[in-house]
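Q: So that you have it, the file is start00.txt, and it contains compact mmCIF, C-alpha atoms:
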```txt
# COMPACT_ATOMS: atom_id res chain seq x y z
CA MET G 22 -65.83 0.32 -23.25
CA THR G 23 -64.65 -3.24 -23.05
CA ASP G 24 -64.96 -5.91 -20.40
CA SER G 25 -61.23 -5.72 -19.91
CA THR G 26 -61.69 -2.74 -17.57
CA GLU G 27 -62.62 -5.29 -14.94
CA LEU G 28 -59.16 -5.49 -13.42
CA THR G 29 -60.47 -5.88 -9.91
CA ASP G 30 -63.53 -7.52 -8.54
CA SER G 31 -66.48 -5.15 -8.94
CA ALA G 32 -68.21 -6.48 -5.85
CA GLU G 33 -65.16 -5.66 -3.77
CA LEU G 34 -65.07 -2.15 -5.24
CA ALA G 35 -68.78 -1.69 -4.56
CA GLU G 36 -68.08 -2.52 -0.94
CA ARG G 37 -65.30 0.06 -0.63
CA LEU G 38 -67.06 2.93 -2.34
CA PRO G 39 -69.64 3.75 0.36
CA ARG G 40 -66.84 4.18 2.91
CA LEU G 41 -64.93 6.40 0.51
CA HIS G 42 -68.10 8.38 -0.12
CA ALA G 43 -68.60 8.94 3.61
CA ARG G 44 -64.99 10.12 3.87
CA LEU G 45 -65.54 12.52 0.97
CA GLU G 46 -68.64 13.94 2.72
CA ARG G 47 -66.61 14.62 5.88
CA GLU G 48 -63.59 16.07 4.09
CA ALA G 49 -65.69 18.18 1.72
CA ALA G 50 -67.65 19.68 4.64
CA ALA G 51 -64.45 20.32 6.61
CA ALA G 52 -62.88 22.04 3.59
CA GLY G 53 -65.96 24.23 3.09
CA LEU G 54 -66.63 22.61 -0.31
CA LEU G 55 -70.02 21.06 0.42
CA ASP G 56 -72.36 23.77 -0.83
CA VAL G 57 -75.47 21.58 -0.80
CA ALA G 58 -75.99 18.35 1.19
CA TYR G 59 -79.09 16.25 0.71
CA ARG G 60 -80.79 13.12 1.95
CA LEU G 61 -84.01 11.24 1.46
CA LEU G 62 -86.53 10.75 4.24
CA ASP G 63 -89.42 8.29 4.31
CA SER G 64 -92.59 9.95 5.60
CA PRO G 65 -96.35 9.42 5.63
CA VAL G 66 -96.56 11.73 2.58
CA GLY G 67 -93.97 9.79 0.61
CA GLN G 68 -90.21 9.89 0.30
CA LEU G 69 -89.09 13.48 0.81
CA LEU G 70 -85.86 15.02 -0.40
CA LEU G 71 -84.24 17.36 2.12
CA ALA G 72 -81.43 19.67 1.06
CA ARG G 73 -79.37 22.09 3.09
CA THR G 74 -76.62 24.64 2.63
CA PRO G 75 -74.21 25.67 5.40
CA ALA G 76 -76.83 28.34 6.29
CA GLY G 77 -79.73 25.95 6.81
CA LEU G 78 -82.49 23.88 5.25
CA VAL G 79 -82.98 25.18 1.71
CA ARG G 80 -85.33 22.69 0.02
CA VAL G 81 -87.94 20.10 0.89
CA ALA G 82 -89.33 18.22 -2.11
CA PHE G 83 -92.14 15.72 -2.54
CA PRO G 84 -91.45 12.47 -4.39
CA ALA G 85 -92.45 13.61 -7.90
CA ASP G 86 -89.03 14.25 -9.44
CA HIS G 87 -86.04 14.38 -7.12
CA GLU G 88 -83.54 14.30 -9.96
CA HIS G 89 -85.03 17.46 -11.43
CA VAL G 90 -84.96 19.11 -8.01
CA LEU G 91 -81.23 18.35 -7.65
CA THR G 92 -80.48 19.66 -11.14
CA THR G 93 -82.32 22.88 -10.27
CA LEU G 94 -80.34 23.21 -7.02
CA ALA G 95 -77.14 22.71 -9.03
CA GLU G 96 -78.15 25.57 -11.31
CA ARG G 97 -79.52 27.97 -8.74
CA ILE G 98 -77.18 27.38 -5.79
CA SER G 99 -74.12 25.31 -6.70
CA PRO G 100 -73.26 22.03 -8.45
CA ARG G 101 -71.16 21.10 -5.40
CA ILE G 102 -73.87 18.75 -4.18
CA LEU G 103 -73.40 15.49 -2.28
CA LEU G 104 -75.72 12.93 -0.79
CA SER G 105 -74.81 13.43 2.87
CA PRO G 106 -77.46 12.09 5.25
CA LYS G 107 -75.48 12.93 8.38
CA ALA G 108 -75.51 16.64 7.52
CA LEU G 109 -79.32 16.52 7.72
CA ASP G 110 -79.79 14.35 10.81
CA GLU G 111 -81.25 17.20 12.86
CA MET G 112 -83.69 18.22 10.12
CA ALA G 113 -84.78 14.63 9.58
CA ALA G 114 -85.30 14.14 13.32
CA GLU G 115 -87.54 17.23 13.54
CA LEU G 116 -89.64 16.08 10.60
CA ASP G 117 -89.93 12.58 12.06
CA ALA G 118 -91.12 14.10 15.35
CA TYR G 119 -93.63 16.29 13.49
CA PHE G 120 -95.11 13.30 11.66
CA ALA G 121 -95.21 11.36 14.94
CA GLY G 122 -97.25 14.18 16.53
CA ARG G 123 -94.46 15.09 18.95
CA ARG G 124 -93.53 18.46 17.43
CA THR G 125 -95.66 21.46 16.40
CA ALA G 126 -92.94 23.85 15.21
CA PHE G 127 -89.52 23.55 13.59
CA SER G 128 -86.40 25.06 15.09
CA VAL G 129 -83.78 24.18 12.44
CA PRO G 130 -82.33 27.21 10.62
CA LEU G 131 -83.79 27.89 7.18
CA ASP G 132 -81.92 29.16 4.14
CA ARG G 133 -84.55 31.11 2.20
CA GLN G 134 -82.42 32.07 -0.78
CA LEU G 135 -84.86 30.33 -3.16
CA SER G 136 -87.66 32.71 -2.15
CA HIS G 137 -87.64 36.01 -4.05
CA GLY G 138 -89.80 39.09 -4.58
CA PHE G 139 -93.48 39.19 -3.75
CA LEU G 140 -93.72 35.39 -3.87
CA GLY G 141 -90.89 35.33 -1.34
CA GLN G 142 -92.77 37.78 0.88
CA VAL G 143 -95.80 35.51 0.82
CA GLN G 144 -93.62 32.49 1.54
CA HIS G 145 -92.14 34.29 4.55
CA ALA G 146 -95.66 35.16 5.76
CA LEU G 147 -96.56 31.45 5.62
CA SER G 148 -94.23 30.79 8.53
CA ASP G 149 -96.47 32.89 10.80
CA ILE G 150 -99.49 30.60 10.42
CA PRO G 151 -99.55 28.59 13.66
CA PHE G 152 -99.75 24.81 13.82
CA GLY G 153 -103.30 23.49 13.72
CA THR G 154 -104.79 26.67 12.19
CA THR G 155 -105.60 27.67 8.61
CA VAL G 156 -106.02 30.92 6.65
CA SER G 157 -107.51 31.66 3.24
CA TYR G 158 -105.54 32.69 0.16
CA GLY G 159 -107.20 36.12 0.43
CA GLN G 160 -106.21 36.62 4.07
CA LEU G 161 -102.63 35.69 3.24
CA ALA G 162 -102.59 38.20 0.34
CA ASP G 163 -103.70 40.79 2.89
CA ARG G 164 -100.91 39.88 5.29
CA ALA G 165 -98.31 40.02 2.54
CA GLY G 166 -99.41 43.59 1.85
CA ASN G 167 -101.37 43.15 -1.37
CA PRO G 168 -105.01 42.10 -0.80
CA ARG G 169 -105.69 41.80 -4.54
CA ALA G 170 -102.87 39.37 -5.19
CA VAL G 171 -104.84 36.23 -4.41
CA ARG G 172 -103.63 34.47 -7.54
CA ALA G 173 -100.01 35.32 -6.74
CA VAL G 174 -100.53 33.86 -3.28
CA GLY G 175 -101.64 30.63 -4.92
CA THR G 176 -98.48 30.66 -7.02
CA ALA G 177 -96.34 31.36 -3.94
CA CYS G 178 -97.83 28.32 -2.20
CA ALA G 179 -97.40 26.15 -5.29
CA THR G 180 -93.72 27.13 -5.59
CA ASN G 181 -92.86 27.08 -1.88
CA PRO G 182 -89.33 25.63 -1.76
CA LEU G 183 -89.78 24.44 1.84
CA PRO G 184 -93.19 22.76 2.05
CA ILE G 185 -94.26 21.20 5.38
CA VAL G 186 -91.61 23.21 7.28
CA VAL G 187 -92.98 26.44 5.80
CA PRO G 188 -96.64 25.47 6.11
CA CYS G 189 -98.31 26.30 2.81
CA HIS G 190 -100.67 23.38 3.55
CA ARG G 191 -102.41 25.67 6.08
CA VAL G 192 -103.77 27.89 3.31
CA LEU G 193 -107.29 27.03 2.07
CA ARG G 194 -109.88 28.52 -0.27
CA SER G 195 -112.14 31.13 1.33
CA ASP G 196 -115.07 28.66 1.07
CA GLY G 197 -113.11 26.24 3.24
CA THR G 198 -112.30 23.74 0.48
CA LEU G 199 -108.72 22.56 0.29
CA GLY G 200 -107.47 24.19 -2.92
CA GLY G 201 -104.30 22.83 -4.48
CA TYR G 202 -101.10 21.58 -2.93
CA VAL G 203 -97.53 21.20 -4.14
CA GLY G 204 -97.43 17.65 -2.75
CA GLY G 205 -100.88 16.65 -4.02
CA ILE G 206 -104.24 17.04 -2.37
CA ASP G 207 -103.97 13.79 -0.39
CA ALA G 208 -100.79 15.00 1.27
CA LYS G 209 -102.48 18.30 2.18
CA ARG G 210 -105.41 16.47 3.74
CA LEU G 211 -103.07 14.19 5.67
CA LEU G 212 -101.06 17.11 7.08
CA LEU G 213 -104.20 19.03 8.12
CA ASP G 214 -105.64 15.89 9.76
CA LEU G 215 -102.35 15.31 11.55
CA GLU G 216 -102.43 18.84 12.97
CA ARG G 217 -106.08 18.58 13.97
CA ALA G 218 -105.54 15.39 15.98
CA MET X 129 -77.31 25.69 -22.55
CA MET X 130 -76.23 22.39 -21.06
CA THR X 131 -76.92 21.99 -17.40
CA LYS X 132 -74.30 20.63 -15.09
CA ALA X 133 -75.11 17.49 -13.13
CA PRO X 134 -74.98 17.62 -9.32
CA PHE X 135 -71.54 16.44 -8.18
CA GLU X 136 -73.16 13.44 -6.52
CA ALA X 137 -73.91 12.06 -10.00
CA VAL X 138 -70.23 12.44 -10.92
CA VAL X 139 -69.18 10.37 -7.89
CA ALA X 140 -71.85 7.75 -8.57
CA ASP X 141 -70.94 7.45 -12.26
CA HIS X 142 -67.14 7.49 -12.00
CA GLY X 143 -66.20 6.51 -8.42
CA ALA X 144 -65.36 2.92 -9.33
CA THR X 145 -63.28 3.87 -12.38
CA VAL X 146 -61.24 6.37 -10.37
CA LEU X 147 -60.57 3.76 -7.69
CA ARG X 148 -59.36 1.33 -10.36
CA VAL X 149 -57.01 3.94 -11.78
CA CYS X 150 -55.61 4.76 -8.33
CA ARG X 151 -55.07 1.10 -7.55
CA ALA X 152 -53.37 0.48 -10.87
CA VAL X 153 -50.86 3.20 -10.21
CA LEU X 154 -50.40 2.64 -6.47
CA GLY X 155 -51.09 -0.99 -5.72
CA SER X 156 -51.62 -0.46 -2.02
CA HIS X 157 -55.27 -0.14 -1.14
CA THR X 158 -54.63 2.43 1.57
CA ASP X 159 -52.63 4.69 -0.74
CA ALA X 160 -55.20 4.21 -3.50
CA GLU X 161 -58.00 5.27 -1.18
CA ASP X 162 -56.04 8.37 -0.16
CA ALA X 163 -55.56 9.20 -3.83
CA TRP X 164 -59.27 8.56 -4.53
CA SER X 165 -60.28 10.97 -1.76
CA GLU X 166 -57.86 13.64 -2.92
CA THR X 167 -59.05 13.23 -6.49
CA PHE X 168 -62.70 13.80 -5.66
CA LEU X 169 -61.99 16.59 -3.19
CA SER X 170 -59.90 18.35 -5.81
CA ALA X 171 -62.54 17.68 -8.49
CA LEU X 172 -65.31 19.00 -6.20
CA LYS X 173 -63.35 22.21 -5.71
CA ALA X 174 -62.82 22.77 -9.44
CA TYR X 175 -66.22 21.43 -10.57
CA PRO X 176 -68.12 24.74 -10.82
CA GLU X 177 -65.53 25.98 -13.35
CA LEU X 178 -65.55 22.80 -15.46
CA PRO X 179 -67.30 23.49 -18.79
CA ALA X 180 -70.66 21.70 -18.96
CA GLU X 181 -69.68 19.91 -22.18
CA ALA X 182 -66.34 18.64 -20.79
CA ASN X 183 -65.45 14.95 -20.80
CA VAL X 184 -65.96 14.43 -17.05
CA ARG X 185 -64.49 10.95 -17.04
CA GLY X 186 -61.31 11.98 -18.81
CA TRP X 187 -61.00 14.98 -16.51
CA LEU X 188 -61.32 12.78 -13.41
CA VAL X 189 -58.93 10.15 -14.71
CA THR X 190 -56.35 12.86 -15.34
CA ILE X 191 -56.72 14.23 -11.80
CA ALA X 192 -56.61 10.70 -10.39
CA HIS X 193 -53.43 9.92 -12.27
CA ARG X 194 -51.79 13.11 -10.97
CA LYS X 195 -52.92 12.52 -7.37
CA ALA X 196 -51.70 8.94 -7.50
CA ILE X 197 -48.30 10.16 -8.62
CA ASP X 198 -48.30 12.72 -5.77
CA VAL X 199 -48.93 9.92 -3.30
CA THR X 200 -46.12 7.84 -4.86
CA ARG X 201 -43.70 10.76 -4.52
CA ALA X 202 -44.73 11.46 -0.93
CA ARG X 203 -44.17 7.81 -0.11
CA ALA X 204 -40.73 7.85 -1.76
CA ARG X 205 -39.75 10.94 0.25
CA HIS X 206 -40.74 9.28 3.49
CA ALA X 207 -39.10 5.98 2.71
CA ILE X 208 -36.13 5.12 4.92
CA PRO X 209 -33.31 3.24 3.20
CA THR X 210 -32.55 -0.04 4.93
CA ALA X 211 -30.02 -2.77 4.32
CA ASP X 212 -32.52 -5.57 4.59
CA LEU X 213 -35.59 -5.19 2.47
CA PRO X 214 -38.45 -6.81 4.31
CA GLU X 215 -40.52 -9.24 2.32
CA ARG X 216 -43.60 -7.26 1.38
CA ALA X 217 -46.49 -9.14 2.94
CA GLY X 218 -48.98 -6.58 1.65
CA PRO X 219 -52.06 -7.46 3.67
CA ASP X 220 -53.58 -4.54 1.74
CA LEU X 221 -53.30 -6.27 -1.59
CA GLU X 222 -55.62 -8.63 -3.31
CA PRO X 223 -53.33 -11.54 -4.22
CA SER X 224 -54.99 -12.04 -7.58
CA ASP X 225 -54.49 -8.42 -8.59
CA ASP X 226 -51.09 -7.92 -7.05
CA ALA X 227 -49.14 -9.34 -9.96
CA VAL X 228 -51.08 -7.30 -12.47
CA TRP X 229 -50.53 -4.06 -10.59
CA ARG X 230 -46.86 -4.77 -10.16
CA ALA X 231 -46.54 -5.55 -13.85
CA VAL X 232 -48.39 -2.39 -14.90
CA ARG X 233 -46.33 -0.30 -12.50
CA SER X 234 -43.11 -1.69 -13.92
CA LEU X 235 -43.91 -0.51 -17.45
CA PRO X 236 -42.23 2.62 -18.82
CA PRO X 237 -44.23 5.73 -17.78
CA ARG X 238 -45.72 6.40 -21.20
CA GLN X 239 -47.01 2.84 -21.60
CA ARG X 240 -48.25 2.71 -18.02
CA GLU X 241 -50.14 5.95 -18.51
CA VAL X 242 -51.77 4.86 -21.74
CA ILE X 243 -52.67 1.38 -20.41
CA THR X 244 -54.17 2.93 -17.29
CA TYR X 245 -56.23 5.43 -19.25
CA ARG X 246 -57.31 2.87 -21.83
CA TYR X 247 -58.05 -0.23 -19.79
CA LEU X 248 -58.89 1.25 -16.41
CA GLY X 249 -60.23 4.62 -17.42
CA GLY X 250 -61.99 3.17 -20.44
CA LEU X 251 -60.96 6.17 -22.56
CA ASP X 252 -60.55 5.92 -26.30
CA TYR X 253 -57.17 6.64 -27.92
CA ALA X 254 -58.24 10.02 -29.28
CA THR X 255 -59.10 11.18 -25.76
CA ILE X 256 -55.89 9.70 -24.37
CA ALA X 257 -53.90 11.60 -26.99
CA GLU X 258 -55.66 14.81 -25.92
CA LEU X 259 -54.71 14.17 -22.30
CA THR X 260 -51.14 13.02 -22.74
CA GLY X 261 -50.09 14.75 -25.94
CA GLY X 262 -49.04 13.01 -29.14
CA THR X 263 -51.37 11.35 -31.59
CA ALA X 264 -54.04 8.71 -31.16
CA ALA X 265 -51.93 6.35 -33.27
CA ALA X 266 -48.92 6.86 -30.99
CA ALA X 267 -51.10 6.20 -27.94
CA ARG X 268 -52.39 3.02 -29.54
CA ARG X 269 -48.80 1.90 -30.26
CA ALA X 270 -47.72 2.61 -26.68
CA ALA X 271 -50.66 0.56 -25.39
CA SER X 272 -49.83 -2.24 -27.76
CA ASP X 273 -46.16 -2.25 -26.70
CA GLY X 274 -47.24 -2.19 -23.07
CA LEU X 275 -49.58 -5.11 -23.58
CA SER X 276 -46.85 -7.15 -25.29
CA SER X 277 -44.65 -6.46 -22.34
CA LEU X 278 -47.36 -7.46 -19.88
CA ARG X 279 -48.11 -10.57 -21.87
CA ALA X 280 -44.46 -11.50 -21.71
CA ARG X 281 -44.86 -11.49 -17.96
CA SER X 282 -48.02 -13.59 -18.24
CA ALA X 283 -49.92 -10.78 -16.63
CA ALA X 284 -52.03 -10.06 -19.66
CA PHE X 285 -53.62 -13.43 -19.13
CA THR X 286 -55.00 -12.17 -15.83
CA LEU X 287 -55.99 -8.87 -17.44
CA GLY X 288 -58.03 -10.74 -20.01
CA ILE X 289 -57.16 -8.11 -22.55
CA ASP X 290 -57.86 -8.62 -26.22
CA GLU X 291 -56.31 -6.20 -28.57
```
Re-express the file's structure as structure tokens.
A:
Amino acid sequence: MTDSTELTDSAELAERLPRLHARLEREAAAAGLLDVAYRLLDSPVGQLLLARTPAGLVRVAFPADHEHVLTTLAERISPRILLSPKALDEMAAELDAYFAGRRTAFSVPLDRQLSHGFLGQVQHALSDIPFGTTVSYGQLADRAGNPRAVRAVGTACATNPLPIVVPCHRVLRSDGTLGGYVGGIDAKRLLLDLERA
Amino acid sequence: MMTKAPFEAVVADHGATVLRVCRAVLGSHTDAEDAWSETFLSALKAYPELPAEANVRGWLVTIAHRKAIDVTRARARHAIPTADLPERAGPDLEPSDDAVWRAVRSLPPRQREVITYRYLGGLDYATIAELTGGTAAAARRAASDGLSSLRARSAAFTLGIDE
């Protein structure tokens, strides 16, 4: 690389590129080439990454390592991934309303292709735990059809691809203590407090 | 196994370079932006099949060059011959870059291609030779001839190119 690549003013290019990016988002979606769209969303539990496929919301990720999350999505779903906030407006609005205490359930379609096997069964069962209530890991193992699989239930919660929307934060230890959480224990406490209010 | 970056990273890393290439070939900002969009749409479509170890930049620059030429041809087809050529006001063009683009566009195709790849795409001569055929030495000579020609038009001064 040499400086001589600077044929045109970089600042002027930087100004044009966001508009071109927005056009690419529209044209890619229209051509059926946008396999995964994502955006970031500021929330009381940190900056969340939301990703969707044409089928629905496929991933919600806590701030830890968004780059790694995107690389994993590229491997497991498709590398045709674009930052496309508009494609996730509805999902972002529902989450905003949830954090503002104006929504107790989500209605956006979910794409659950990242949930497989017994862990997937547990993750599906999570969706049946109503807002403002909690269950124990043991009870959830029961509901998923394998009462002895308490440890697997813990793993299912820890690997839930759609936290918050699929409420793994509503699962506690049988002694009532919080247990772990994919977004950290402070986030779990905050979500449970929010739902108790 | 190498993992493939999300396409968003490809746009972020190479979007500016591709726009420079499109502008170098097309001049007009509107045409260049059409070519940019077609380049990335076409790249997005083919991306899953691109080998993980491929030179992404070289691949994009090649597509961009082809798309820019498509746009040029489409424009030529739609052009209506007239007796009086209007003075090209070119509100699209940056005055300072206009002369450079015109000069680059007026070079013989081989030189224009190599100059575009080298100085806009930032590719080395070995990569350019892979893309365009021939040897790295021949690519270097074509670039050198092109630069002499540009310099003769005082455009190289604006380019700020050192050999």
Q: Tell me, in Å to one decimal, how far CA of Ile98 in chain G is from CA of Leu178 in chain X.
A: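 Result for CA of Ile98 in chain G versus CA of Leu178 in chain X: 15.8 Å, one decimal.
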Q: Between chain X and chain G, at 8 Å or less, what are the per-residue closest atom pairs and their distances in Å? Count only C-alpha atoms, order by chain and rising residue number, and return it as JSON lines.
A:
```
{"residue": "X:Thr131", "atom": "CA", "partner": "G:Glu96", "partner_atom": "CA", "distance": 7.2}
{"residue": "X:Lys132", "atom": "CA", "partner": "G:Pro100", "partner_atom": "CA", "distance": 6.9}
{"residue": "X:Ala133", "atom": "CA", "partner": "G:Thr92", "partner_atom": "CA", "distance": 6.1}
{"residue": "X:Pro134", "atom": "CA", "partner": "G:Pro100", "partner_atom": "CA", "distance": 4.8}
{"residue": "X:Phe135", "atom": "CA", "partner": "G:Ile102", "partner_atom": "CA", "distance": 5.2}
{"residue": "X:Glu136", "atom": "CA", "partner": "G:Leu103", "partner_atom": "CA", "distance": 4.7}
{"residue": "X:Gly143", "atom": "CA", "partner": "G:Leu38", "partner_atom": "CA", "distance": 7.1}
{"residue": "X:Ala144", "atom": "CA", "partner": "G:Leu34", "partner_atom": "CA", "distance": 6.5}
{"residue": "X:Leu147", "atom": "CA", "partner": "G:Leu34", "partner_atom": "CA", "distance": 7.8}
{"residue": "X:Arg148", "atom": "CA", "partner": "G:Thr29", "partner_atom": "CA", "distance": 7.3}
{"residue": "X:Glu161", "atom": "CA", "partner": "G:Leu41", "partner_atom": "CA", "distance": 7.2}
{"residue": "X:Trp164", "atom": "CA", "partner": "G:Leu41", "partner_atom": "CA", "distance": 7.9}
{"residue": "X:Ser165", "atom": "CA", "partner": "G:Leu45", "partner_atom": "CA", "distance": 6.1}
{"residue": "X:Phe168", "atom": "CA", "partner": "G:Leu45", "partner_atom": "CA", "distance": 7.3}
{"residue": "X:Leu169", "atom": "CA", "partner": "G:Ala49", "partner_atom": "CA", "distance": 6.4}
{"residue": "X:Leu172", "atom": "CA", "partner": "G:Arg101", "partner_atom": "CA", "distance": 6.3}
{"residue": "X:Lys173", "atom": "CA", "partner": "G:Leu54", "partner_atom": "CA", "distance": 6.3}
{"residue": "X:Tyr175", "atom": "CA", "partner": "G:Arg101", "partner_atom": "CA", "distance": 7.2}
{"residue": "X:Pro176", "atom": "CA", "partner": "G:Pro100", "partner_atom": "CA", "distance": 6.3}
{"residue": "X:Asp225", "atom": "CA", "partner": "G:Thr29", "partner_atom": "CA", "distance": 6.6}
{"residue": "X:Tyr247", "atom": "CA", "partner": "G:Thr26", "partner_atom": "CA", "distance": 4.9}
{"residue": "X:Leu248", "atom": "CA", "partner": "G:Thr26", "partner_atom": "CA", "distance": 5.0}
{"residue": "X:Gly249", "atom": "CA", "partner": "G:Thr26", "partner_atom": "CA", "distance": 7.5}
{"residue": "X:Gly250", "atom": "CA", "partner": "G:Met22", "partner_atom": "CA", "distance": 5.5}
{"residue": "X:Leu251", "atom": "CA", "partner": "G:Met22", "partner_atom": "CA", "distance": 7.6}
{"residue": "X:Leu287", "atom": "CA", "partner": "G:Leu28", "partner_atom": "CA", "distance": 6.1}
{"residue": "X:Gly288", "atom": "CA", "partner": "G:Ser25", "partner_atom": "CA", "distance": 6.0}
{"residue": "X:Ile289", "atom": "CA", "partner": "G:Ser25", "partner_atom": "CA", "distance": 5.4}
{"residue": "X:Asp290", "atom": "CA", "partner": "G:Ser25", "partner_atom": "CA", "distance": 7.7}
```
Q: Residues within 12 Å of Arg194 in chain X, please, as a ChimeraX atom specification. Count all atoms listed in the file; anything in the same chain fewer than 6 positions from it doesn't count.
A: /X:146,149-150,153-154,163-164,166-167,170-171,187-188,200-201,241,259-260
Q: I'd like the interatomic distance between CA of Gly77 in chain G and CA of Pro130 in chain G, to a tenth of an Å.
A: 4.8 Å
Q: I'd like the interatomic distance between CA of Gln68 in chain G and CA of Ala82 in chain G, to a tenth of an Å.
A: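 Between CA of Gln68 in chain G and CA of Ala82 in chain G the gap is 8.7 Å.
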Q: Nearest to Val184 in chain X: which of X:Ala202, X:Ala196, X:Val139, X:Ala152 is it, counting all atoms listed in the file?
A: X:Val139
Q: For a cutoff of 12 Å around the file-coordinate point (-103.7, 35.9, -6.6), which residues qualify once you count only C-alpha atoms? I'd like the result as a list in words.
A: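 Those residues lying close to the given coordinates are Phe139, Leu140, Val143, Ser157, Tyr158, Gly159, Gln160, Leu161, Ala162, Asp163, Ala165, Asn167, Pro168, Arg169, Ala170, Val171, Arg172, Ala173, Val174, Gly175, Thr176, Ala177, Cys178, Ala179 and Arg194 of chain G.
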